[in-house]
file entry_16.cif (mmCIF, C-alpha atoms)
data_target
loop_
_atom_site.label_atom_id
_atom_site.label_comp_id
_atom_site.auth_asym_id
_atom_site.auth_seq_id
_atom_site.Cartn_x
_atom_site.Cartn_y
_atom_site.Cartn_z
CA MET R 201 -25.02 -34.33 -23.09
CA GLY R 202 -26.16 -34.31 -26.72
CA ASP R 203 -28.23 -31.15 -26.19
CA VAL R 204 -25.28 -29.36 -24.61
CA CYS R 205 -23.08 -30.18 -27.59
CA LYS R 206 -25.82 -29.18 -30.02
CA PHE R 207 -26.18 -25.70 -28.51
CA ALA R 208 -22.45 -25.21 -28.09
CA ALA R 209 -21.90 -26.04 -31.75
CA MET R 210 -24.59 -23.56 -32.77
CA ALA R 211 -22.91 -20.77 -30.79
CA GLU R 212 -19.54 -21.56 -32.32
CA ASP R 213 -21.06 -21.48 -35.78
CA LEU R 214 -22.25 -17.86 -35.66
CA GLN R 215 -21.45 -16.58 -39.11
CA LEU R 216 -20.51 -12.92 -39.03
CA ALA R 217 -21.60 -11.02 -42.11
CA ALA R 218 -19.85 -8.24 -43.95
CA GLY R 219 -21.50 -5.63 -46.13
CA SER R 220 -24.17 -3.10 -45.34
CA LYS R 221 -25.91 -2.86 -42.01
CA THR R 222 -29.02 -4.36 -43.61
CA ASP R 223 -26.96 -7.28 -44.94
CA GLN R 224 -25.56 -7.86 -41.47
CA TYR R 225 -29.00 -7.85 -39.82
CA ARG R 226 -30.46 -10.08 -42.56
CA SER R 227 -27.74 -12.62 -41.85
CA LEU R 228 -27.79 -12.33 -38.06
CA LEU R 229 -31.50 -12.39 -37.16
CA PRO R 230 -32.19 -15.89 -38.55
CA GLN R 231 -29.09 -17.13 -36.72
CA ILE R 232 -30.37 -15.64 -33.47
CA ARG R 233 -33.75 -17.30 -34.01
CA ALA R 234 -32.02 -20.65 -34.57
CA LEU R 235 -29.83 -20.11 -31.53
CA VAL R 236 -32.76 -19.58 -29.15
CA GLU R 237 -35.10 -22.11 -30.75
CA GLY R 238 -35.92 -24.89 -28.34
CA GLU R 239 -34.32 -23.19 -25.32
CA THR R 240 -36.95 -22.44 -22.68
CA ASP R 241 -34.81 -20.35 -20.32
CA ARG R 242 -35.32 -16.69 -21.19
CA VAL R 243 -32.19 -15.47 -19.37
CA ALA R 244 -30.04 -17.89 -21.36
CA ASN R 245 -31.64 -16.69 -24.58
CA LEU R 246 -31.22 -13.01 -23.69
CA ALA R 247 -27.56 -13.64 -22.90
CA ASN R 248 -26.94 -15.27 -26.26
CA ILE R 249 -28.87 -12.58 -28.13
CA VAL R 250 -26.77 -9.74 -26.68
CA ALA R 251 -23.58 -11.71 -27.28
CA ALA R 252 -24.51 -12.28 -30.93
CA LEU R 253 -25.38 -8.60 -31.46
CA ARG R 254 -22.16 -7.40 -29.87
CA GLN R 255 -20.07 -9.94 -31.76
CA GLN R 256 -21.60 -8.93 -35.11
CA PHE R 257 -21.56 -5.16 -34.67
CA GLY R 258 -18.82 -4.52 -32.10
CA TRP R 259 -20.91 -2.05 -30.12
CA LEU R 260 -19.68 -0.80 -26.73
CA TRP R 261 -22.63 -2.13 -24.72
CA VAL R 262 -25.61 -4.33 -25.59
CA GLY R 263 -28.09 -5.53 -23.03
CA PHE R 264 -31.57 -5.85 -21.67
CA TYR R 265 -33.17 -4.01 -18.79
CA LEU R 266 -36.23 -5.82 -17.46
CA VAL R 267 -39.24 -4.26 -15.72
CA LYS R 268 -39.34 -5.45 -12.10
CA GLU R 269 -41.43 -3.86 -9.36
CA GLY R 270 -41.75 -0.50 -11.09
CA GLU R 271 -38.13 -0.14 -12.20
CA LEU R 272 -35.89 -1.27 -15.02
CA VAL R 273 -33.35 -3.75 -13.64
CA VAL R 274 -30.25 -4.71 -15.58
CA GLY R 275 -30.47 -8.13 -17.20
CA PRO R 276 -28.09 -10.01 -19.45
CA PHE R 277 -25.60 -7.69 -21.13
CA GLN R 278 -22.18 -7.49 -22.76
CA GLY R 279 -19.88 -4.53 -22.19
CA PRO R 280 -18.67 -2.36 -19.32
CA VAL R 281 -20.34 -2.48 -15.90
CA ALA R 282 -23.87 -1.06 -16.10
CA CYS R 283 -26.32 0.91 -14.00
CA THR R 284 -28.34 -1.60 -12.00
CA ARG R 285 -31.72 0.16 -11.68
CA ILE R 286 -33.40 2.86 -13.72
CA ALA R 287 -36.60 4.68 -12.79
CA PRO R 288 -39.40 5.34 -15.29
CA GLY R 289 -38.68 8.45 -17.35
CA ARG R 290 -35.03 8.59 -16.29
CA GLY R 291 -32.33 8.58 -18.96
CA VAL R 292 -32.80 7.12 -22.42
CA CYS R 293 -33.89 3.69 -21.14
CA GLY R 294 -36.43 5.04 -18.65
CA THR R 295 -37.80 7.47 -21.23
CA SER R 296 -38.16 4.75 -23.88
CA TRP R 297 -39.99 2.59 -21.34
CA GLN R 298 -42.28 5.39 -20.20
CA GLU R 299 -43.06 6.60 -23.74
CA LYS R 300 -43.35 3.05 -25.13
CA ARG R 301 -41.25 3.89 -28.17
CA THR R 302 -37.81 3.39 -29.62
CA LEU R 303 -35.39 6.24 -29.00
CA ILE R 304 -32.37 6.95 -31.18
CA VAL R 305 -29.90 9.34 -29.58
CA PRO R 306 -27.14 10.53 -31.96
CA ASP R 307 -25.21 12.27 -29.15
CA VAL R 308 -25.96 11.14 -25.59
CA GLU R 309 -24.46 14.31 -24.12
CA LYS R 310 -27.32 16.26 -25.71
CA PHE R 311 -30.05 14.04 -24.22
CA PRO R 312 -31.59 15.70 -21.14
CA GLY R 313 -31.06 13.53 -18.09
CA HIS R 314 -28.80 11.01 -19.83
CA ILE R 315 -27.42 8.45 -17.37
CA ALA R 316 -23.70 8.05 -18.04
CA CYS R 317 -23.01 4.44 -17.06
CA SER R 318 -19.86 4.63 -19.21
CA SER R 319 -18.04 7.79 -20.23
CA LEU R 320 -17.14 6.02 -23.48
CA SER R 321 -20.76 5.97 -24.69
CA ARG R 322 -21.46 8.55 -27.39
CA SER R 323 -24.70 7.40 -29.05
CA GLU R 324 -27.50 5.05 -28.08
CA ILE R 325 -30.62 3.26 -29.25
CA VAL R 326 -33.22 1.88 -26.84
CA VAL R 327 -35.99 -0.41 -28.08
CA PRO R 328 -38.94 -1.27 -25.83
CA VAL R 329 -39.87 -4.94 -25.54
CA PHE R 330 -43.62 -5.60 -25.46
CA ASP R 331 -45.60 -8.53 -24.13
CA ARG R 332 -49.36 -8.30 -24.65
CA GLY R 333 -49.15 -4.54 -25.15
CA GLU R 334 -47.14 -3.83 -22.01
CA VAL R 335 -43.46 -2.91 -21.91
CA VAL R 336 -41.63 -5.72 -20.08
CA GLY R 337 -38.14 -4.45 -20.77
CA VAL R 338 -35.89 -2.58 -23.14
CA LEU R 339 -33.01 -3.52 -25.40
CA ASP R 340 -30.28 -0.92 -24.85
CA VAL R 341 -27.35 -0.48 -27.23
CA ASP R 342 -24.52 2.03 -26.79
CA SER R 343 -21.74 2.95 -29.18
CA GLU R 344 -18.44 4.77 -28.80
CA ALA R 345 -19.22 6.59 -32.07
CA LEU R 346 -21.55 9.55 -32.54
CA ASN R 347 -24.55 8.99 -34.83
CA GLU R 348 -24.11 5.20 -34.84
CA PHE R 349 -27.80 4.31 -34.97
CA ASP R 350 -30.45 5.07 -37.58
CA GLU R 351 -33.82 3.94 -38.91
CA ASP R 352 -32.29 0.69 -40.21
CA ASP R 353 -31.25 -0.21 -36.66
CA ARG R 354 -34.72 0.71 -35.40
CA LYS R 355 -36.41 -1.50 -37.99
CA TRP R 356 -34.23 -4.56 -37.41
CA LEU R 357 -33.98 -4.31 -33.62
CA GLU R 358 -37.75 -3.82 -33.32
CA GLU R 359 -38.19 -6.91 -35.50
CA LEU R 360 -35.81 -8.81 -33.23
CA VAL R 361 -37.55 -7.94 -29.95
CA ALA R 362 -40.94 -8.74 -31.48
CA ASP R 363 -39.89 -12.39 -30.97
CA TRP R 364 -39.91 -11.94 -27.14
CA GLY R 365 -42.72 -14.48 -26.75
CA ASN R 366 -40.49 -17.16 -28.29
CA TRP R 367 -37.58 -16.59 -25.91
CA GLY R 368 -38.78 -18.75 -23.02
CA LYS R 369 -39.92 -18.01 -19.50
#

call {"tool": "encode", "arguments": {"input": "entry_16.cif", "output": "structure tokens"}}
result
Amino acid sequence: MGDVCKFAAMAEDLQLAAGSKTDQYRSLLPQIRALVEGETDRVANLANIVAALRQQFGWLWVGFYLVKEGELVVGPFQGPVACTRIAPGRGVCGTSWQEKRTLIVPDVEKFPGHIACSSLSRSEIVVPVFDRGEVVGVLDVDSEALNEFDEDDRKWLEELVADWGNWGK
């Protein structure tokens, strides 16, 4: 019971930061690391990570797609109902996975082959998650605003997913 209370208290204590985007990431990333520290269940950690990101930034959709049997399969997320499976090279997520690189899309309607899971989505960033050099998933973030994401988001979100190996099994 003590462990349950410990983790519940940590989640309740998420301190939202004001200021620049960099200030917000600098405040949030150590809190995320503390939140997942000691938890060995990866799904639980992914769920808390997306919740913390969405709570801090208020984005439309934040979630992970995980590579399973040659497809990206939706994992823990926060936001509107999502596409369940995405093929390699399809949409922003599939392209990021196939090309093994972060994609920033200022206007999703101008991205060839964009998959419109929500008509409210206007811009998107997708960050591949690597384990031993292989892409094992992607972090997908959508916003209702055009041009929401930039190089600061790339830097901080890539730093975040670099901790994949510490997020359990």

call {"tool": "resolve_selection", "arguments": {"input": "entry_16.cif", "expression": "the PyMOL selection byres ((chain R and resi 263-270) around 7)", "output": "list of chain:residue names"}}
result
R:Val250, R:Trp261, R:Val262, R:Glu271, R:Leu272, R:Val273, R:Val274, R:Gly275, R:Pro276, R:Phe277, R:Gln278, R:Val336, R:Gly337, R:Val338, R:Leu339, R:Asp340, R:Val341

call {"tool": "closest_residue", "arguments": {"input": "entry_16.cif", "among": "R:Asp213, R:Val327, R:Glu359, R:Pro280", "to": "Trp259 of chain R", "atoms": "all atoms listed in the file"}}
result
R:Pro280

call {"tool": "closest_residue", "arguments": {"input": "entry_16.cif", "among": "R:Ser220, R:Asn366, R:Ser318, R:Ser323", "to": "Arg233 of chain R", "atoms": "only C-alpha atoms"}}
result
R:Asn366

call {"tool": "resolve_selection", "arguments": {"input": "entry_16.cif", "expression": "the PyMOL selection byres ((chain R and resi 369) around 6)", "output": "ChimeraX atom specification"}}
result
/R:241-242,368

call {"tool": "write_last_selection", "arguments": {"input": "entry_16.cif", "atoms": "C-alpha atoms", "output": "short mmCIF file (atom, residue, chain, number, x, y, z; two decimals), in the frame of the given file"}}
result
data_model
loop_
_atom_site.label_atom_id
_atom_site.label_comp_id
_atom_site.auth_asym_id
_atom_site.auth_seq_id
_atom_site.Cartn_x
_atom_site.Cartn_y
_atom_site.Cartn_z
CA ASP R 241 -34.81 -20.35 -20.32
CA ARG R 242 -35.32 -16.69 -21.19
CA GLY R 368 -38.78 -18.75 -23.02
#

call {"tool": "residues_around", "arguments": {"input": "entry_16.cif", "residues": "Glu348 of chain R", "least_positions_apart": "5", "cutoff": "12 Å", "atoms": "only C-alpha atoms", "output": "ChimeraX atom specification"}}
result
/R:221,257-260,304-308,321-325,341-343,353-354

call {"tool": "atom_distance", "arguments": {"input": "entry_16.cif", "atom1": "atom CA of Leu346 of chain R", "atom2": "atom CA of Leu253 of chain R"}}
result
18.6 Å

call {"tool": "atom_distance", "arguments": {"input": "entry_16.cif", "atom1": "atom CA of Glu351 of chain R", "atom2": "atom CA of Thr302 of chain R"}}
result
10.1 Å

call {"tool": "closest_residue", "arguments": {"input": "entry_16.cif", "among": "R:Tyr225, R:Phe311, R:Phe349, R:Phe330", "to": "Ala362 of chain R", "atoms": "all atoms listed in the file"}}
result
R:Phe330

call {"tool": "residues_around", "arguments": {"input": "entry_16.cif", "residues": "Glu299 of chain R", "least_positions_apart": "2", "cutoff": "12 Å", "atoms": "all atoms listed in the file", "output": "list in words"}}
result
Pro288, Gly289, Arg290, Gly291, Val292, Cys293, Gly294, Thr295, Ser296, Trp297, Arg301, Thr302, Leu303, Val326, Val327, Pro328, Glu334, Val335 and Val338 of chain R

call {"tool": "write_last_selection", "arguments": {"input": "entry_16.cif", "atoms": "C-alpha atoms", "output": "PDB file, keeping the file's coordinate frame"}}
result
ATOM      1  CA  PRO R 288     -39.400   5.340 -15.290  1.00  0.00           C
ATOM      2  CA  GLY R 289     -38.680   8.450 -17.350  1.00  0.00           C
ATOM      3  CA  ARG R 290     -35.030   8.590 -16.290  1.00  0.00           C
ATOM      4  CA  GLY R 291     -32.330   8.580 -18.960  1.00  0.00           C
ATOM      5  CA  VAL R 292     -32.800   7.120 -22.420  1.00  0.00           C
ATOM      6  CA  CYS R 293     -33.890   3.690 -21.140  1.00  0.00           C
ATOM      7  CA  GLY R 294     -36.430   5.040 -18.650  1.00  0.00           C
ATOM      8  CA  THR R 295     -37.800   7.470 -21.230  1.00  0.00           C
ATOM      9  CA  SER R 296     -38.160   4.750 -23.880  1.00  0.00           C
ATOM     10  CA  TRP R 297     -39.990   2.590 -21.340  1.00  0.00           C
ATOM     11  CA  ARG R 301     -41.250   3.890 -28.170  1.00  0.00           C
ATOM     12  CA  THR R 302     -37.810   3.390 -29.620  1.00  0.00           C
ATOM     13  CA  LEU R 303     -35.390   6.240 -29.000  1.00  0.00           C
ATOM     14  CA  VAL R 326     -33.220   1.880 -26.840  1.00  0.00           C
ATOM     15  CA  VAL R 327     -35.990  -0.410 -28.080  1.00  0.00           C
ATOM     16  CA  PRO R 328     -38.940  -1.270 -25.830  1.00  0.00           C
ATOM     17  CA  GLU R 334     -47.140  -3.830 -22.010  1.00  0.00           C
ATOM     18  CA  VAL R 335     -43.460  -2.910 -21.910  1.00  0.00           C
ATOM     19  CA  VAL R 338     -35.890  -2.580 -23.140  1.00  0.00           C
TER      20      VAL R 338
END

call {"tool": "closest_residue", "arguments": {"input": "entry_16.cif", "among": "R:Lys355, R:Ile315, R:Lys310, R:Trp367", "to": "Glu239 of chain R", "atoms": "only C-alpha atoms"}}
result
R:Trp367

call {"tool": "closest_residue", "arguments": {"input": "entry_16.cif", "among": "R:Leu214, R:Val329, R:Ala234, R:Ala316", "to": "Ala252 of chain R", "atoms": "all atoms listed in the file"}}
result
R:Leu214

call {"tool": "atom_distance", "arguments": {"input": "entry_16.cif", "atom1": "atom CA of Gln215 of chain R", "atom2": "atom CA of Gln255 of chain R"}}
result
10.0 Å

call {"tool": "closest_residue", "arguments": {"input": "entry_16.cif", "among": "R:Thr284, R:Asn248, R:Gln298, R:Gln256", "to": "Leu228 of chain R", "atoms": "all atoms listed in the file"}}
result
R:Gln256

call {"tool": "decode", "arguments": {"input": "entry_16.cif", "residues": "segment 335-349 of chain R", "atoms": "N, CA, C and O atoms", "output": "mmCIF file, in the first residue's frame"}}
result
data_model
loop_
_atom_site.group_PDB
_atom_site.id
_atom_site.type_symbol
_atom_site.label_atom_id
_atom_site.label_comp_id
_atom_site.auth_asym_id
_atom_site.auth_seq_id
_atom_site.Cartn_x
_atom_site.Cartn_y
_atom_site.Cartn_z
ATOM 1 N N VAL R 335 14.164 1.291 -34.421
ATOM 2 C CA VAL R 335 12.976 2.027 -34.004
ATOM 3 C C VAL R 335 11.981 1.029 -33.417
ATOM 4 O O VAL R 335 11.600 0.062 -34.075
ATOM 5 N N VAL R 336 11.583 1.273 -32.169
ATOM 6 C CA VAL R 336 10.637 0.384 -31.475
ATOM 7 C C VAL R 336 9.273 1.051 -31.308
ATOM 8 O O VAL R 336 8.324 0.437 -30.838
ATOM 9 N N GLY R 337 9.207 2.316 -31.693
ATOM 10 C CA GLY R 337 7.958 3.052 -31.593
ATOM 11 C C GLY R 337 8.169 4.499 -31.961
ATOM 12 O O GLY R 337 9.275 4.897 -32.340
ATOM 13 N N VAL R 338 7.103 5.262 -31.865
ATOM 14 C CA VAL R 338 7.191 6.703 -32.089
ATOM 15 C C VAL R 338 6.347 7.413 -31.038
ATOM 16 O O VAL R 338 5.332 6.885 -30.576
ATOM 17 N N LEU R 339 6.801 8.602 -30.676
ATOM 18 C CA LEU R 339 6.004 9.518 -29.863
ATOM 19 C C LEU R 339 5.347 10.469 -30.848
ATOM 20 O O LEU R 339 6.028 11.133 -31.628
ATOM 21 N N ASP R 340 4.027 10.513 -30.818
ATOM 22 C CA ASP R 340 3.244 11.328 -31.752
ATOM 23 C C ASP R 340 2.529 12.417 -30.958
ATOM 24 O O ASP R 340 1.883 12.122 -29.950
ATOM 25 N N VAL R 341 2.661 13.661 -31.410
ATOM 26 C CA VAL R 341 1.991 14.783 -30.754
ATOM 27 C C VAL R 341 1.296 15.618 -31.815
ATOM 28 O O VAL R 341 1.915 16.004 -32.804
ATOM 29 N N ASP R 342 0.007 15.871 -31.597
ATOM 30 C CA ASP R 342 -0.795 16.690 -32.513
ATOM 31 C C ASP R 342 -1.293 17.938 -31.788
ATOM 32 O O ASP R 342 -1.592 17.882 -30.594
ATOM 33 N N SER R 343 -1.424 19.015 -32.538
ATOM 34 C CA SER R 343 -1.947 20.261 -31.992
ATOM 35 C C SER R 343 -3.080 20.782 -32.863
ATOM 36 O O SER R 343 -3.111 20.541 -34.070
ATOM 37 N N GLU R 344 -3.978 21.521 -32.245
ATOM 38 C CA GLU R 344 -5.056 22.183 -32.976
ATOM 39 C C GLU R 344 -4.568 23.456 -33.657
ATOM 40 O O GLU R 344 -5.281 24.023 -34.474
ATOM 41 N N ALA R 345 -3.345 23.887 -33.346
ATOM 42 C CA ALA R 345 -2.783 25.113 -33.922
ATOM 43 C C ALA R 345 -1.809 24.770 -35.051
ATOM 44 O O ALA R 345 -1.094 23.765 -34.984
ATOM 45 N N LEU R 346 -1.780 25.608 -36.064
ATOM 46 C CA LEU R 346 -0.759 25.487 -37.104
ATOM 47 C C LEU R 346 0.594 25.879 -36.510
ATOM 48 O O LEU R 346 0.661 26.694 -35.579
ATOM 49 N N ASN R 347 1.661 25.313 -37.054
ATOM 50 C CA ASN R 347 3.032 25.696 -36.678
ATOM 51 C C ASN R 347 3.309 25.614 -35.183
ATOM 52 O O ASN R 347 4.046 26.433 -34.636
ATOM 53 N N GLU R 348 2.738 24.625 -34.516
ATOM 54 C CA GLU R 348 2.908 24.506 -33.059
ATOM 55 C C GLU R 348 4.309 24.045 -32.673
ATOM 56 O O GLU R 348 4.833 24.434 -31.638
ATOM 57 N N PHE R 349 4.938 23.221 -33.512
ATOM 58 C CA PHE R 349 6.161 22.541 -33.113
ATOM 59 C C PHE R 349 7.363 23.097 -33.854
ATOM 60 O O PHE R 349 7.283 23.493 -35.013
#
